Each structure stands twice: as structure tokens, then as C-alpha cells.
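Below is the file data_19.txt, which contains compact mmCIF, C-alpha atoms.
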```txt
# COMPACT_ATOMS: atom_id res chain seq x y z
CA MET A 1 14.29 2.09 -53.45
CA ARG A 2 10.88 3.62 -53.70
CA LEU A 3 9.37 0.40 -52.44
CA ILE A 4 11.60 0.46 -49.35
CA LYS A 5 10.49 4.01 -48.58
CA LEU A 6 6.89 2.93 -48.92
CA PHE A 7 7.45 0.05 -46.52
CA ILE A 8 9.11 2.33 -44.00
CA LEU A 9 6.20 4.74 -44.20
CA LEU A 10 3.69 1.91 -43.84
CA PHE A 11 5.61 0.59 -40.85
CA ILE A 12 5.57 3.98 -39.12
CA PHE A 13 1.85 4.45 -39.67
CA SER A 14 0.93 0.95 -38.62
CA CYS A 15 2.71 1.45 -35.29
CA GLN A 16 0.64 4.48 -34.39
CA SER A 17 -2.69 3.54 -32.86
CA PRO A 18 -5.81 4.96 -34.48
CA TYR A 19 -8.29 7.20 -32.65
CA GLN A 20 -5.63 9.56 -31.29
CA LYS A 21 -8.25 12.00 -29.99
CA GLY A 22 -10.09 9.25 -28.18
CA GLU A 23 -6.88 7.96 -26.69
CA LYS A 24 -6.02 11.43 -25.41
CA LEU A 25 -9.50 11.87 -23.92
CA PHE A 26 -9.10 8.51 -22.18
CA SER A 27 -5.84 9.57 -20.55
CA GLN A 28 -7.33 12.93 -19.52
CA HIS A 29 -10.70 11.83 -18.20
CA CYS A 30 -10.67 8.08 -17.49
CA SER A 31 -7.19 6.95 -16.53
CA ASN A 32 -7.11 8.88 -13.22
CA CYS A 33 -9.37 6.25 -11.73
CA HIS A 34 -9.27 3.31 -14.14
CA GLY A 35 -5.48 3.48 -14.59
CA ALA A 36 -3.21 4.44 -17.49
CA GLU A 37 -3.50 0.92 -18.90
CA ALA A 38 -7.13 0.57 -17.74
CA GLU A 39 -5.84 -1.82 -15.07
CA GLY A 40 -8.17 -0.44 -12.35
CA PHE A 41 -7.24 0.62 -8.82
CA ARG A 42 -7.46 -1.94 -6.00
CA LYS A 43 -11.10 -2.60 -5.06
CA LEU A 44 -12.05 1.02 -5.59
CA TYR A 45 -12.29 1.29 -9.37
CA PRO A 46 -12.67 -1.66 -11.75
CA PRO A 47 -10.27 -2.40 -14.59
CA ILE A 48 -11.74 -1.94 -18.05
CA THR A 49 -11.49 -5.25 -19.84
CA LYS A 50 -13.09 -6.80 -22.90
CA ASP A 51 -15.62 -8.64 -20.68
CA LEU A 52 -16.61 -5.65 -18.61
CA TYR A 53 -16.70 -3.26 -21.54
CA SER A 54 -18.92 -5.64 -23.56
CA THR A 55 -21.42 -5.68 -20.69
CA TYR A 56 -21.73 -1.91 -20.71
CA SER A 57 -20.95 -0.95 -24.31
CA ASP A 58 -24.65 -0.43 -25.22
CA LYS A 59 -24.97 2.18 -22.49
CA ILE A 60 -21.44 3.53 -22.56
CA VAL A 61 -22.26 6.99 -23.94
CA CYS A 62 -24.79 7.54 -21.14
CA ILE A 63 -22.32 6.27 -18.54
CA ILE A 64 -19.59 8.59 -19.80
CA ARG A 65 -21.89 11.62 -19.66
CA TYR A 66 -24.01 10.90 -16.59
CA GLY A 67 -21.87 8.47 -14.60
CA LEU A 68 -22.89 5.22 -12.97
CA ASN A 69 -24.44 4.94 -9.53
CA ASP A 70 -25.03 1.19 -9.35
CA SER A 71 -22.30 -0.87 -7.75
CA LEU A 72 -20.96 -3.57 -10.02
CA VAL A 73 -19.42 -6.97 -9.43
CA TYR A 74 -16.53 -8.05 -11.60
CA ASN A 75 -14.27 -11.07 -11.06
CA GLY A 76 -15.88 -11.60 -7.67
CA ILE A 77 -15.05 -8.09 -6.48
CA GLN A 78 -17.80 -5.63 -5.64
CA TYR A 79 -17.01 -2.09 -6.75
CA SER A 80 -19.31 0.25 -4.89
CA SER A 81 -17.86 3.71 -5.57
CA SER A 82 -20.13 5.54 -7.97
CA MET A 83 -18.66 6.91 -11.18
CA PRO A 84 -19.14 10.65 -11.68
CA GLY A 85 -20.52 12.04 -14.94
CA ASN A 86 -18.37 14.05 -17.33
CA ASP A 87 -20.37 17.18 -18.31
CA ILE A 88 -17.17 18.65 -19.69
CA LEU A 89 -17.12 16.25 -22.65
CA SER A 90 -18.97 17.40 -25.78
CA ASP A 91 -21.03 15.02 -27.94
CA ILE A 92 -18.14 14.91 -30.42
CA ASP A 93 -15.69 14.08 -27.62
CA ILE A 94 -17.93 11.19 -26.61
CA VAL A 95 -18.00 9.83 -30.18
CA ASN A 96 -14.19 10.03 -30.36
CA LEU A 97 -13.86 8.35 -26.98
CA LYS A 98 -16.34 5.58 -27.84
CA ASN A 99 -14.55 4.90 -31.15
CA TYR A 100 -11.31 4.47 -29.21
CA LEU A 101 -12.91 2.26 -26.53
CA ASP A 102 -14.63 0.04 -29.13
CA TRP A 103 -11.30 -0.40 -30.90
CA LYS A 104 -9.28 -0.96 -27.74
CA PHE A 105 -11.59 -3.34 -25.89
CA LEU A 106 -13.71 -4.96 -28.61
CA ALA A 107 -11.11 -4.77 -31.41
CA GLU A 108 -13.80 -3.19 -33.59
CA ASN A 109 -13.57 -0.20 -35.88
CA LYS A 110 -17.10 1.06 -35.42
CA TYR A 111 -16.79 4.70 -36.50
CA ASN A 112 -19.89 5.60 -34.49
CA SER A 113 -21.96 8.34 -36.06
CA LEU A 114 -22.54 11.65 -34.32
CA PRO A 115 -26.34 11.72 -34.93
CA GLN A 116 -26.66 8.20 -33.50
CA VAL A 117 -24.67 9.12 -30.37
CA LYS A 118 -26.66 12.36 -29.98
CA LYS A 119 -29.88 10.33 -30.10
CA GLU A 120 -28.55 7.85 -27.51
CA LEU A 121 -27.60 10.76 -25.25
CA VAL A 122 -31.12 12.19 -25.47
CA ASP A 123 -32.59 8.78 -24.64
CA CYS A 124 -30.36 8.27 -21.60
CA LYS A 125 -32.85 9.47 -19.05
CA MET B 1 44.35 36.01 -2.42
CA ARG B 2 44.26 34.49 1.04
CA ILE B 3 40.82 35.96 1.61
CA PHE B 4 39.67 34.40 -1.60
CA SER B 5 40.86 30.96 -0.64
CA LEU B 6 39.28 31.38 2.76
CA LEU B 7 35.99 32.32 1.14
CA PHE B 8 36.38 29.40 -1.19
CA LEU B 9 36.94 27.01 1.69
CA SER B 10 34.03 28.31 3.73
CA PHE B 11 31.86 28.01 0.65
CA PHE B 12 32.78 24.35 0.41
CA ALA B 13 32.22 23.92 4.11
CA LEU B 14 28.70 25.33 3.65
CA ILE B 15 27.99 23.04 0.73
CA SER B 16 29.15 20.00 2.64
CA CYS B 17 26.91 21.08 5.52
CA ASN B 18 23.96 21.11 3.18
CA GLU B 19 24.93 17.73 1.89
CA SER B 20 24.66 16.19 5.34
CA ASP B 21 21.89 13.62 5.56
CA LYS B 22 19.70 15.77 7.76
CA LEU B 23 16.55 16.98 6.04
CA PRO B 24 15.76 20.71 6.25
CA TYR B 25 12.99 22.17 8.41
CA LEU B 26 10.39 23.63 6.05
CA GLY B 27 8.01 26.54 6.44
CA ASP B 28 8.14 29.81 8.36
CA THR B 29 10.32 30.03 11.44
CA LYS B 30 8.89 31.71 14.54
CA ILE B 31 10.83 33.31 17.35
CA VAL B 32 9.64 31.95 20.69
CA ASP B 33 11.42 33.17 23.85
CA GLY B 34 14.31 34.36 21.73
CA GLU B 35 14.73 30.99 20.05
CA LYS B 36 14.01 30.09 16.46
CA VAL B 37 11.25 27.51 16.19
CA PRO B 38 10.54 25.91 12.81
CA HIS B 39 6.96 25.66 11.50
CA THR B 40 5.03 23.08 13.51
CA VAL B 41 1.78 21.45 12.37
CA ASN B 42 -1.31 22.45 14.34
CA ALA B 43 -3.13 20.35 16.88
CA PHE B 44 -6.19 18.49 15.57
CA SER B 45 -8.90 16.13 16.69
CA PHE B 46 -10.91 14.16 14.13
CA TYR B 47 -12.70 10.83 13.75
CA ASN B 48 -11.00 8.04 11.82
CA GLN B 49 -12.63 5.34 9.68
CA GLU B 50 -13.12 3.11 12.72
CA GLY B 51 -14.92 5.74 14.78
CA ASP B 52 -11.94 6.52 17.02
CA ILE B 53 -10.98 10.11 17.80
CA ILE B 54 -7.44 10.70 16.59
CA THR B 55 -5.34 13.69 17.66
CA GLN B 56 -1.80 14.88 17.01
CA ASN B 57 -0.83 13.08 20.23
CA ASP B 58 -1.31 9.77 18.40
CA TYR B 59 1.68 10.77 16.25
CA LYS B 60 4.17 11.62 19.02
CA GLU B 61 6.18 8.47 18.36
CA SER B 62 5.55 8.39 14.63
CA ILE B 63 6.77 9.79 11.38
CA GLN B 64 3.62 11.10 9.71
CA ILE B 65 2.97 10.96 5.98
CA ALA B 66 -0.07 13.10 5.27
CA ASP B 67 -2.28 14.04 2.36
CA PHE B 68 -5.65 15.69 1.79
CA PHE B 69 -8.32 14.06 -0.34
CA PHE B 70 -12.00 13.19 -0.64
CA THR B 71 -13.52 9.91 -1.69
CA LYS B 72 -15.60 11.38 -4.52
CA CYS B 73 -12.60 13.16 -6.04
CA PRO B 74 -12.36 12.10 -9.68
CA THR B 75 -9.24 14.02 -10.66
CA ILE B 76 -5.90 13.87 -8.85
CA CYS B 77 -6.85 11.83 -5.78
CA PRO B 78 -6.64 8.35 -7.28
CA THR B 79 -3.10 9.09 -8.52
CA VAL B 80 -2.01 10.58 -5.19
CA MET B 81 -3.65 7.71 -3.30
CA GLY B 82 -1.92 5.21 -5.60
CA ASN B 83 1.41 6.70 -4.52
CA MET B 84 0.32 6.69 -0.86
CA VAL B 85 -0.48 2.97 -1.25
CA THR B 86 3.06 2.40 -2.59
CA ILE B 87 4.45 4.11 0.54
CA TYR B 88 2.06 2.11 2.78
CA ASP B 89 3.20 -1.17 1.23
CA LYS B 90 6.89 -0.25 1.43
CA TYR B 91 6.76 0.62 5.16
CA GLU B 92 4.08 -1.84 6.25
CA ALA B 93 6.51 -3.58 8.63
CA ASN B 94 7.92 -0.33 10.05
CA PRO B 95 5.72 0.76 12.99
CA THR B 96 7.29 4.25 13.09
CA ILE B 97 5.77 5.17 9.74
CA LYS B 98 2.08 6.15 9.83
CA LEU B 99 -0.07 7.49 7.02
CA VAL B 100 -2.87 9.95 7.52
CA SER B 101 -5.38 11.23 4.97
CA PHE B 102 -7.58 14.18 5.87
CA SER B 103 -10.90 14.44 4.05
CA LEU B 104 -11.76 17.81 2.54
CA ASP B 105 -15.39 16.80 2.01
CA PRO B 106 -16.67 15.69 5.44
CA LYS B 107 -20.30 16.16 4.38
CA ARG B 108 -20.03 13.19 2.00
CA ASP B 109 -17.10 11.49 3.75
CA SER B 110 -18.83 10.12 6.82
CA ILE B 111 -17.02 7.66 9.06
CA SER B 112 -18.72 4.78 7.25
CA ALA B 113 -17.85 6.22 3.81
CA LEU B 114 -14.20 6.37 4.88
CA ALA B 115 -14.40 2.83 6.27
CA ALA B 116 -15.66 1.56 2.91
CA TYR B 117 -12.98 3.52 1.06
CA ALA B 118 -10.16 2.17 3.26
CA GLU B 119 -11.50 -1.36 2.91
CA ASN B 120 -11.59 -1.06 -0.88
CA LEU B 121 -8.09 0.38 -0.83
CA GLU B 122 -7.11 -2.64 1.32
CA VAL B 123 -5.44 -0.55 4.03
CA LYS B 124 -5.97 -0.50 7.80
CA ALA B 125 -6.18 1.92 10.74
CA PRO B 126 -4.19 2.99 12.71
CA LYS B 127 -1.34 2.41 10.25
CA TRP B 128 -3.34 4.58 7.87
CA ASN B 129 -5.99 6.77 9.44
CA MET B 130 -8.53 8.48 7.19
CA LEU B 131 -9.93 11.42 9.11
CA THR B 132 -13.14 13.41 8.98
CA GLY B 133 -14.71 16.13 11.12
CA GLU B 134 -15.64 19.80 10.86
CA LYS B 135 -15.07 21.14 7.37
CA GLU B 136 -13.59 24.49 8.49
CA LYS B 137 -11.08 22.73 10.71
CA LEU B 138 -10.08 20.27 8.00
CA HIS B 139 -9.68 23.01 5.40
CA GLY B 140 -7.76 25.16 7.90
CA LEU B 141 -5.38 22.33 8.64
CA ALA B 142 -4.70 21.82 4.92
CA SER B 143 -2.87 25.14 4.54
CA ASN B 144 -0.98 24.38 7.74
CA TYR B 145 0.18 21.21 5.96
CA PHE B 146 1.25 23.16 2.82
CA ASN B 147 -1.89 22.28 0.84
CA ILE B 148 -4.27 24.64 -0.92
CA VAL B 149 -8.03 24.07 -0.93
CA VAL B 150 -10.69 26.05 -2.78
CA GLU B 151 -14.34 25.10 -2.94
CA ASP B 152 -15.41 25.45 -6.55
CA GLU B 153 -18.75 24.32 -7.93
CA GLU B 154 -17.25 24.16 -11.41
CA ALA B 155 -14.43 21.82 -10.37
CA PRO B 156 -14.98 18.08 -10.79
CA GLY B 157 -16.20 16.86 -7.39
CA GLY B 158 -16.75 20.47 -6.21
CA ILE B 159 -13.34 21.07 -4.61
CA ASN B 160 -10.06 22.23 -6.10
CA HIS B 161 -7.03 21.25 -4.11
CA SER B 162 -3.33 20.54 -4.40
CA GLY B 163 -2.20 16.94 -4.13
CA LYS B 164 0.82 17.38 -1.92
CA ILE B 165 2.13 14.57 0.26
CA ILE B 166 3.81 15.89 3.42
CA LEU B 167 6.48 14.33 5.64
CA VAL B 168 6.11 15.34 9.31
CA ASP B 169 8.65 14.27 11.96
CA LYS B 170 7.90 13.10 15.51
CA GLU B 171 8.15 16.69 16.76
CA GLY B 172 5.47 17.87 14.31
CA LYS B 173 7.92 19.64 11.99
CA VAL B 174 7.51 19.45 8.20
CA ARG B 175 10.68 17.92 6.72
CA SER B 176 9.76 17.19 3.10
CA PHE B 177 6.92 17.25 0.62
CA ALA B 178 6.14 16.08 -2.90
CA ASP B 179 3.55 16.59 -5.58
CA GLY B 180 1.67 13.33 -5.13
CA THR B 181 0.83 13.15 -8.84
CA ASP B 182 4.48 13.27 -10.00
CA PRO B 183 6.19 9.85 -9.93
CA ASP B 184 9.73 11.37 -9.91
CA GLU B 185 8.94 13.62 -6.96
CA VAL B 186 7.38 10.72 -5.08
CA GLU B 187 10.52 8.64 -5.68
CA ARG B 188 12.66 11.44 -4.21
CA PHE B 189 10.15 11.78 -1.33
CA ILE B 190 10.63 8.10 -0.45
CA THR B 191 14.40 8.63 -0.16
CA ASP B 192 13.59 11.53 2.19
CA ILE B 193 11.49 9.18 4.35
CA ASP B 194 14.52 6.87 4.60
CA LYS B 195 16.74 9.81 5.56
CA LEU B 196 14.36 10.79 8.36
CA ILE B 197 14.25 7.20 9.64
CA GLU B 198 18.08 7.17 9.70
CA GLU B 199 18.12 10.49 11.54
CA TYR B 200 16.14 8.98 14.44
CA GLU B 201 18.17 5.78 14.39
CA ALA B 202 21.38 7.83 14.65
CA ASP B 203 20.13 9.61 17.81
```

Entire entry expressed as C-alpha cells:
Amino acid sequence: MRLIKLFILLFIFSCQSPYQKGEKLFSQHCSNCHGAEAEGFRKLYPPITKDLYSTYSDKIVCIIRYGLNDSLVYNGIQYSSSMPGNDILSDIDIVNLKNYLDWKFLAENKYNSLPQVKKELVDCK
Amino acid sequence: MRIFSLLFLSFFALISCNESDKLPYLGDTKIVDGEKVPHTVNAFSFYNQEGDIITQNDYKESIQIADFFFTKCPTICPTVMGNMVTIYDKYEANPTIKLVSFSLDPKRDSISALAAYAENLEVKAPKWNMLTGEKEKLHGLASNYFNIVVEDEEAPGGINHSGKIILVDKEGKVRSFADGTDPDEVERFITDIDKLIEEYEAD
């Protein structure tokens, strides 16, 4: 009986995705343009996919904070709208968001460290 | 008792009136020459994404579906525009239905910026005109079309505004509106568009 309860509990927890804070930040600050499922919006805003995210993951904290002015080409489509920065997000928010993005698009549990992200943010410019 | 049943009957008669397919006329009514005139949208004259001057006269034979936006808007606009695209696709073959998006940020939304935006959205003028011109006139027209605009340096993109989609009939009267960010309201709005189409077909 106890074992069954344990299994039920395990089942419930395994269904819930990790990085709840990051997921919430994504729906509040990213999904307006990139879509609720990161599917993108016509030729205006690109989808976020494993391929595209891998290309930008090194610079992602800078892109989240300061935006991206370069147009990018993905799957033969040129996306020329610039992405605005998000001054509203704190350093901790950015760590939470990056953890979620790394998990969602790279299937990696990176648990990025706050000091490391802070350093990257200082080095952005 | 008789009075009661009479009241009861007239009440039902009123309800059934309201349930007729005709959409209401929204906004303040004015009295002109002793006659009630429903709120009518103001005259305008702006450039569209192809460099043509568009005025309210271009909508005399059209049912107008209007919203207010700006291309650098990072918050509600993509959602509202997504719903406008749904409406555009649904009525693509119906020449009576025209979409019009007024820019609230004409400084950044030049004619060429709007042309690029429309191209990326994969929509075409004059089925869907994106309009730009003098800021004061665009902002003034917004409230006339039931939208609220406030310039706010703190707001993402610099402008706070409501994302309402407005349904205007061929006579320039506002017949329905929806919060363009709410999928349920937009669904109801689309049934209102169909009702207005039927109203003209019945005439």
C-alpha cells in the first residue's frame, strides 16, 4: 500500500516540469512574440527551436537583457525585427529563465550559477 | 393581474427584440436636427504601407475591422495581431471585409517600416491597410475608436495602450468590439462580424 502511494506521488511530481519560475517568466516576457509554444509568429518573430537556441545559447543572457538588433536567418527566412531588451528582469530572473530554456531546448539541467551569469552580464558590452 | 401579464408579455417582447440578429450601435448618441445619431468614427487621412493616402472614404463600401498598434510593441500587439491575422485569413475571399491597423508610433513606423511589417506578416494592402501619419491625429483617432493610448517612458516600447479590435459598419458606426488579447472575446467578435455581413445581405 505504501509503495503504491509512493508511486502515485512520484508520478505526480514527474509530470510537473522543473524550472517553474523560468517557465512563468517565459510566458510573461517571451511568449508574446515567440508564441506560447515558442512556435514563432509568421515571418516577424522566429520560433525558438533546439537549432536556433544552440546558436545563441552562449550569448543568451545578454540577448535577454539587452535585446538583439541583428537580423537573423533561420530555415531560409530572414527575421529583421529587432528584439527589445528586458530591463525589468533581475539577474536572478535571468538565471531562472536560462535554466528553463537550457532544459526546454537543449534538454540539459545546467543549474547556471548566479555569479557566472552576473559576470556574463557585465561582459555583454 | 391583467396588468402583470401585460407587463410580462411586453418584457418578453423586449427580450425578443434584443435577441434579433441586429448588432447594437455602440458609443454616445448625438441629437442632430432632432434625430438621434449613433457615434460615428471620425474622418481621417493617413499613408498606408504602399505610400497611398487612405481616408474614411475608402471604407464606404466596406465593413472595417480596426486596431491600434506599433511595430516595436513587445507586449500585447503580437497577440492582437495574431488574432487580426486569423480574421484576415477567414475573410480573405470576402471583399466587403477590410482590416485597418493604425500605428501609434509614427516616428518609428515610417511607410517603409510598415511595408516590411506587413510583408513579414504576409498580408496585403488594401485588404489590410497599415496606416501612419501625424501622431496627434493617430492618438486622437484611437479614443474615437474606443481605444486608450498613453505615452509612458516606463512602458515597454514607450506607449501604453489598450488592444481593442473594433467592428465598424459601412456607415462608420461602431457595432462591436473585443479585447484582442482574449481568445474567447475574439471568437464572439467573429460571430458579430458574420451577423453584420448578414445584416447587409438581408437589406

Check which residues of chain B sit at most 7 Å from chain A using all atoms listed in the file, and return one row each with the closest pair of atoms and their distance in Å to one decimal, ordered by chain and rising number, as a tab-separated table.
```
residue	atom	partner	partner_atom	distance
B:Pro74	CA	A:Cys33	CA	6.9
B:Thr75	CA	A:Asn32	CA	6.1
B:Ile76	CA	A:Asn32	CA	6.7
B:Pro78	CA	A:Cys33	CA	5.6
B:Thr79	CA	A:Asn32	CA	6.2
B:Asn120	CA	A:Lys43	CA	4.5
B:Leu121	CA	A:Arg42	CA	5.7
```

*Would you mind listing what lies within 10 Å of Gly133 in chain B as a PyMOL selection string, with only C-alpha atoms counted and same-chain residues fewer than 2 positions away left out?*
chain B and resi 44-48+53+102-107+109-111+131+135-138

*asked:* Using only C-alpha atoms, which protein or nucleic acid residues come within 7 Å of range 139-147 of chain B? Drop anything in the same chain fewer than 6 positions from it, and give the result as a PyMOL selection string.
replied: chain B and resi 41-42+68+104+162+164+166

Next, dump the selected residues to file, keeping only C-alpha atoms, as a PDB file, keeping the file's coordinate frame.
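Dumped everything to part-v6.pdb:
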```pdb
ATOM      1  CA  VAL B  41       1.780  21.450  12.370  1.00  0.00           C
ATOM      2  CA  ASN B  42      -1.310  22.450  14.340  1.00  0.00           C
ATOM      3  CA  PHE B  68      -5.650  15.690   1.790  1.00  0.00           C
ATOM      4  CA  LEU B 104     -11.760  17.810   2.540  1.00  0.00           C
ATOM      5  CA  SER B 162      -3.330  20.540  -4.400  1.00  0.00           C
ATOM      6  CA  LYS B 164       0.820  17.380  -1.920  1.00  0.00           C
ATOM      7  CA  ILE B 166       3.810  15.890   3.420  1.00  0.00           C
TER       8      ILE B 166
END
```

Fewer than 3 positions away in the same chain doesn't count, so skip those; otherwise give me all residues within 10 Å of Ser62 in chain B, counting all atoms listed in the file, as a PDB file with C-alpha atoms, in the frame of the given file.
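Contents of out-v3.pdb, freshly written:
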```pdb
ATOM      1  CA  ASN B  57      -0.830  13.080  20.230  1.00  0.00           C
ATOM      2  CA  ASP B  58      -1.310   9.770  18.400  1.00  0.00           C
ATOM      3  CA  TYR B  59       1.680  10.770  16.250  1.00  0.00           C
ATOM      4  CA  ILE B  65       2.970  10.960   5.980  1.00  0.00           C
ATOM      5  CA  PRO B  95       5.720   0.760  12.990  1.00  0.00           C
ATOM      6  CA  THR B  96       7.290   4.250  13.090  1.00  0.00           C
ATOM      7  CA  ILE B  97       5.770   5.170   9.740  1.00  0.00           C
ATOM      8  CA  LYS B  98       2.080   6.150   9.830  1.00  0.00           C
ATOM      9  CA  LEU B  99      -0.070   7.490   7.020  1.00  0.00           C
ATOM     10  CA  VAL B 168       6.110  15.340   9.310  1.00  0.00           C
ATOM     11  CA  ASP B 169       8.650  14.270  11.960  1.00  0.00           C
ATOM     12  CA  LYS B 170       7.900  13.100  15.510  1.00  0.00           C
ATOM     13  CA  GLU B 171       8.150  16.690  16.760  1.00  0.00           C
ATOM     14  CA  GLY B 172       5.470  17.870  14.310  1.00  0.00           C
TER      15      GLY B 172
END
```

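Proximity of A:Leu89, A:Leu106, A:Asn96, A:Glu23 to Thr49 in chain A, computed with only C-alpha atoms, is greatest for A:Leu106.
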
_For CA of Lys119 in chain A and CA of Ala107 in chain A, the interatomic separation in Å (one decimal)_ =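 Separating CA of Lys119 in chain A from CA of Ala107 in chain A is a distance of 24.1 Å.
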
*Of the candidates A:Lys104, A:Lys125, A:Arg65, A:Lys118, which one gets nearest to Pro18 in chain A if we count all atoms listed in the file?*
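Result for the nearest residue to Pro18 in chain A: A:Lys104.
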
*asked:* Please determine, counting all atoms listed in the file, which residue among A:Lys98, A:Asp93, A:Lys21, A:Glu37 has the shortest atom-to-atom distance to Asp58 in chain A.
replied: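 Residue with the minimum atom-to-atom distance to Asp58 in chain A: A:Lys98.
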
_Ile94 in chain A surroundings by all atoms listed in the file, 10 Å radius, close-in-sequence under 4 positions cut, as a list in words_ = Gly22, Leu25, Ile60, Val61, Cys62, Ile64, Arg65, Asn86, Leu89, Ser90, Lys98, Asn99, Tyr100, Asn112, Leu114, Val117, Lys118 and Leu121 of chain A

Write out the residues from the selection above, keeping C-alpha atoms, as a PDB file, in the coordinates of the input.
```pdb
ATOM      1  CA  GLY A  22     -10.090   9.250 -28.180  1.00  0.00           C
ATOM      2  CA  LEU A  25      -9.500  11.870 -23.920  1.00  0.00           C
ATOM      3  CA  ILE A  60     -21.440   3.530 -22.560  1.00  0.00           C
ATOM      4  CA  VAL A  61     -22.260   6.990 -23.940  1.00  0.00           C
ATOM      5  CA  CYS A  62     -24.790   7.540 -21.140  1.00  0.00           C
ATOM      6  CA  ILE A  64     -19.590   8.590 -19.800  1.00  0.00           C
ATOM      7  CA  ARG A  65     -21.890  11.620 -19.660  1.00  0.00           C
ATOM      8  CA  ASN A  86     -18.370  14.050 -17.330  1.00  0.00           C
ATOM      9  CA  LEU A  89     -17.120  16.250 -22.650  1.00  0.00           C
ATOM     10  CA  SER A  90     -18.970  17.400 -25.780  1.00  0.00           C
ATOM     11  CA  LYS A  98     -16.340   5.580 -27.840  1.00  0.00           C
ATOM     12  CA  ASN A  99     -14.550   4.900 -31.150  1.00  0.00           C
ATOM     13  CA  TYR A 100     -11.310   4.470 -29.210  1.00  0.00           C
ATOM     14  CA  ASN A 112     -19.890   5.600 -34.490  1.00  0.00           C
ATOM     15  CA  LEU A 114     -22.540  11.650 -34.320  1.00  0.00           C
ATOM     16  CA  VAL A 117     -24.670   9.120 -30.370  1.00  0.00           C
ATOM     17  CA  LYS A 118     -26.660  12.360 -29.980  1.00  0.00           C
ATOM     18  CA  LEU A 121     -27.600  10.760 -25.250  1.00  0.00           C
TER      19      LEU A 121
END
```

*Within 9 Å of Gly27 in chain B, counting all atoms listed in the file, which residues show up once you throw out same-chain ones fewer than 5 positions away? Write them as number ranges by chain, please.*
B: 38-40, 146, 173-174

*What does the distance from CA of Thr29 in chain B to CA of Ser176 in chain B come to in Å, to one decimal?*
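Pair CA of Thr29 in chain B / CA of Ser176 in chain B returns 15.3 Å.
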
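Coordinates place CA of Lys24 in chain A at a distance of 18.6 Å from CA of Tyr53 in chain A.
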
*Nearest-residue call for Glu92 in chain B, choices B:Ile165, B:Asn160, B:Asp203, B:Trp128, using all atoms listed in the file*: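 Result for the nearest residue to Glu92 in chain B: B:Trp128.
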
Centre, edges in Å (one decimal): axis-aligned box, range 103-112 of chain B, 6 Å padding on all six sides, as lines of an AutoDock Vina configuration file:
```
center_x = -15.6
center_y = 11.3
center_z = 5.5
size_x = 21.4
size_y = 25.0
size_z = 19.1
```

*Counting all atoms listed in the file, the residue of B:Glu122, B:Met130, B:Lys72, B:Met81 that sits nearest Arg108 in chain B*: B:Lys72

*May I have the protein, DNA and RNA residues with an atom at most 9 Å from (13.1, 10.9, 7.8), counting all atoms listed in the file in the file's coordinates, returned as a list in words?*
Lys22, Leu23, Ile63, Leu167, Val168, Asp169, Arg175, Ser176, Thr191, Asp192, Ile193, Asp194, Lys195, Leu196, Ile197, Glu198, Glu199 and Tyr200 of chain B

_For Ile190 in chain B, the nearest of the candidates B:Thr71, B:Ser101, B:Thr86, B:Gln49, counting all atoms listed in the file_ = B:Thr86

All heavy atoms are what I want for range 79-84 of chain B; can you complete it accordingly and write them as a PDB file, in the frame of the given file?
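Contents of part30.pdb, freshly written:
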```pdb
ATOM      1  N   THR B  79      -4.545   9.154  -8.257  1.00  0.00           N
ATOM      2  CA  THR B  79      -3.100   9.090  -8.520  1.00  0.00           C
ATOM      3  C   THR B  79      -2.310   9.286  -7.224  1.00  0.00           C
ATOM      4  O   THR B  79      -1.378   8.537  -6.930  1.00  0.00           O
ATOM      5  CB  THR B  79      -2.695  10.196  -9.525  1.00  0.00           C
ATOM      6  OG1 THR B  79      -3.615  10.180 -10.599  1.00  0.00           O
ATOM      7  CG2 THR B  79      -1.299   9.980 -10.043  1.00  0.00           C
ATOM      8  N   VAL B  80      -2.710  10.319  -6.453  1.00  0.00           N
ATOM      9  CA  VAL B  80      -2.010  10.580  -5.190  1.00  0.00           C
ATOM     10  C   VAL B  80      -2.169   9.385  -4.260  1.00  0.00           C
ATOM     11  O   VAL B  80      -1.204   8.926  -3.639  1.00  0.00           O
ATOM     12  CB  VAL B  80      -2.563  11.872  -4.523  1.00  0.00           C
ATOM     13  CG1 VAL B  80      -1.899  12.096  -3.171  1.00  0.00           C
ATOM     14  CG2 VAL B  80      -2.350  13.088  -5.419  1.00  0.00           C
ATOM     15  N   MET B  81      -3.406   8.844  -4.183  1.00  0.00           N
ATOM     16  CA  MET B  81      -3.650   7.710  -3.300  1.00  0.00           C
ATOM     17  C   MET B  81      -2.871   6.477  -3.759  1.00  0.00           C
ATOM     18  O   MET B  81      -2.414   5.689  -2.933  1.00  0.00           O
ATOM     19  CB  MET B  81      -5.145   7.407  -3.228  1.00  0.00           C
ATOM     20  CG  MET B  81      -5.880   8.357  -2.304  1.00  0.00           C
ATOM     21  SD  MET B  81      -5.073   8.486  -0.681  1.00  0.00           S
ATOM     22  CE  MET B  81      -6.437   8.933   0.341  1.00  0.00           C
ATOM     23  N   GLY B  82      -2.721   6.320  -5.074  1.00  0.00           N
ATOM     24  CA  GLY B  82      -1.920   5.210  -5.600  1.00  0.00           C
ATOM     25  C   GLY B  82      -0.496   5.291  -5.076  1.00  0.00           C
ATOM     26  O   GLY B  82       0.089   4.287  -4.654  1.00  0.00           O
ATOM     27  N   ASN B  83       0.051   6.514  -5.041  1.00  0.00           N
ATOM     28  CA  ASN B  83       1.410   6.700  -4.520  1.00  0.00           C
ATOM     29  C   ASN B  83       1.461   6.514  -3.008  1.00  0.00           C
ATOM     30  O   ASN B  83       2.455   6.011  -2.481  1.00  0.00           O
ATOM     31  CB  ASN B  83       1.953   8.069  -4.933  1.00  0.00           C
ATOM     32  CG  ASN B  83       2.308   8.105  -6.412  1.00  0.00           C
ATOM     33  OD1 ASN B  83       2.872   7.151  -6.936  1.00  0.00           O
ATOM     34  ND2 ASN B  83       1.960   9.182  -7.095  1.00  0.00           N
ATOM     35  N   MET B  84       0.393   6.919  -2.311  1.00  0.00           N
ATOM     36  CA  MET B  84       0.320   6.690  -0.860  1.00  0.00           C
ATOM     37  C   MET B  84       0.304   5.182  -0.573  1.00  0.00           C
ATOM     38  O   MET B  84       0.929   4.713   0.379  1.00  0.00           O
ATOM     39  CB  MET B  84      -0.926   7.357  -0.262  1.00  0.00           C
ATOM     40  CG  MET B  84      -0.875   8.875  -0.199  1.00  0.00           C
ATOM     41  SD  MET B  84       0.193   9.542   1.108  1.00  0.00           S
ATOM     42  CE  MET B  84      -0.884   9.446   2.555  1.00  0.00           C
TER      43      MET B  84
END
```
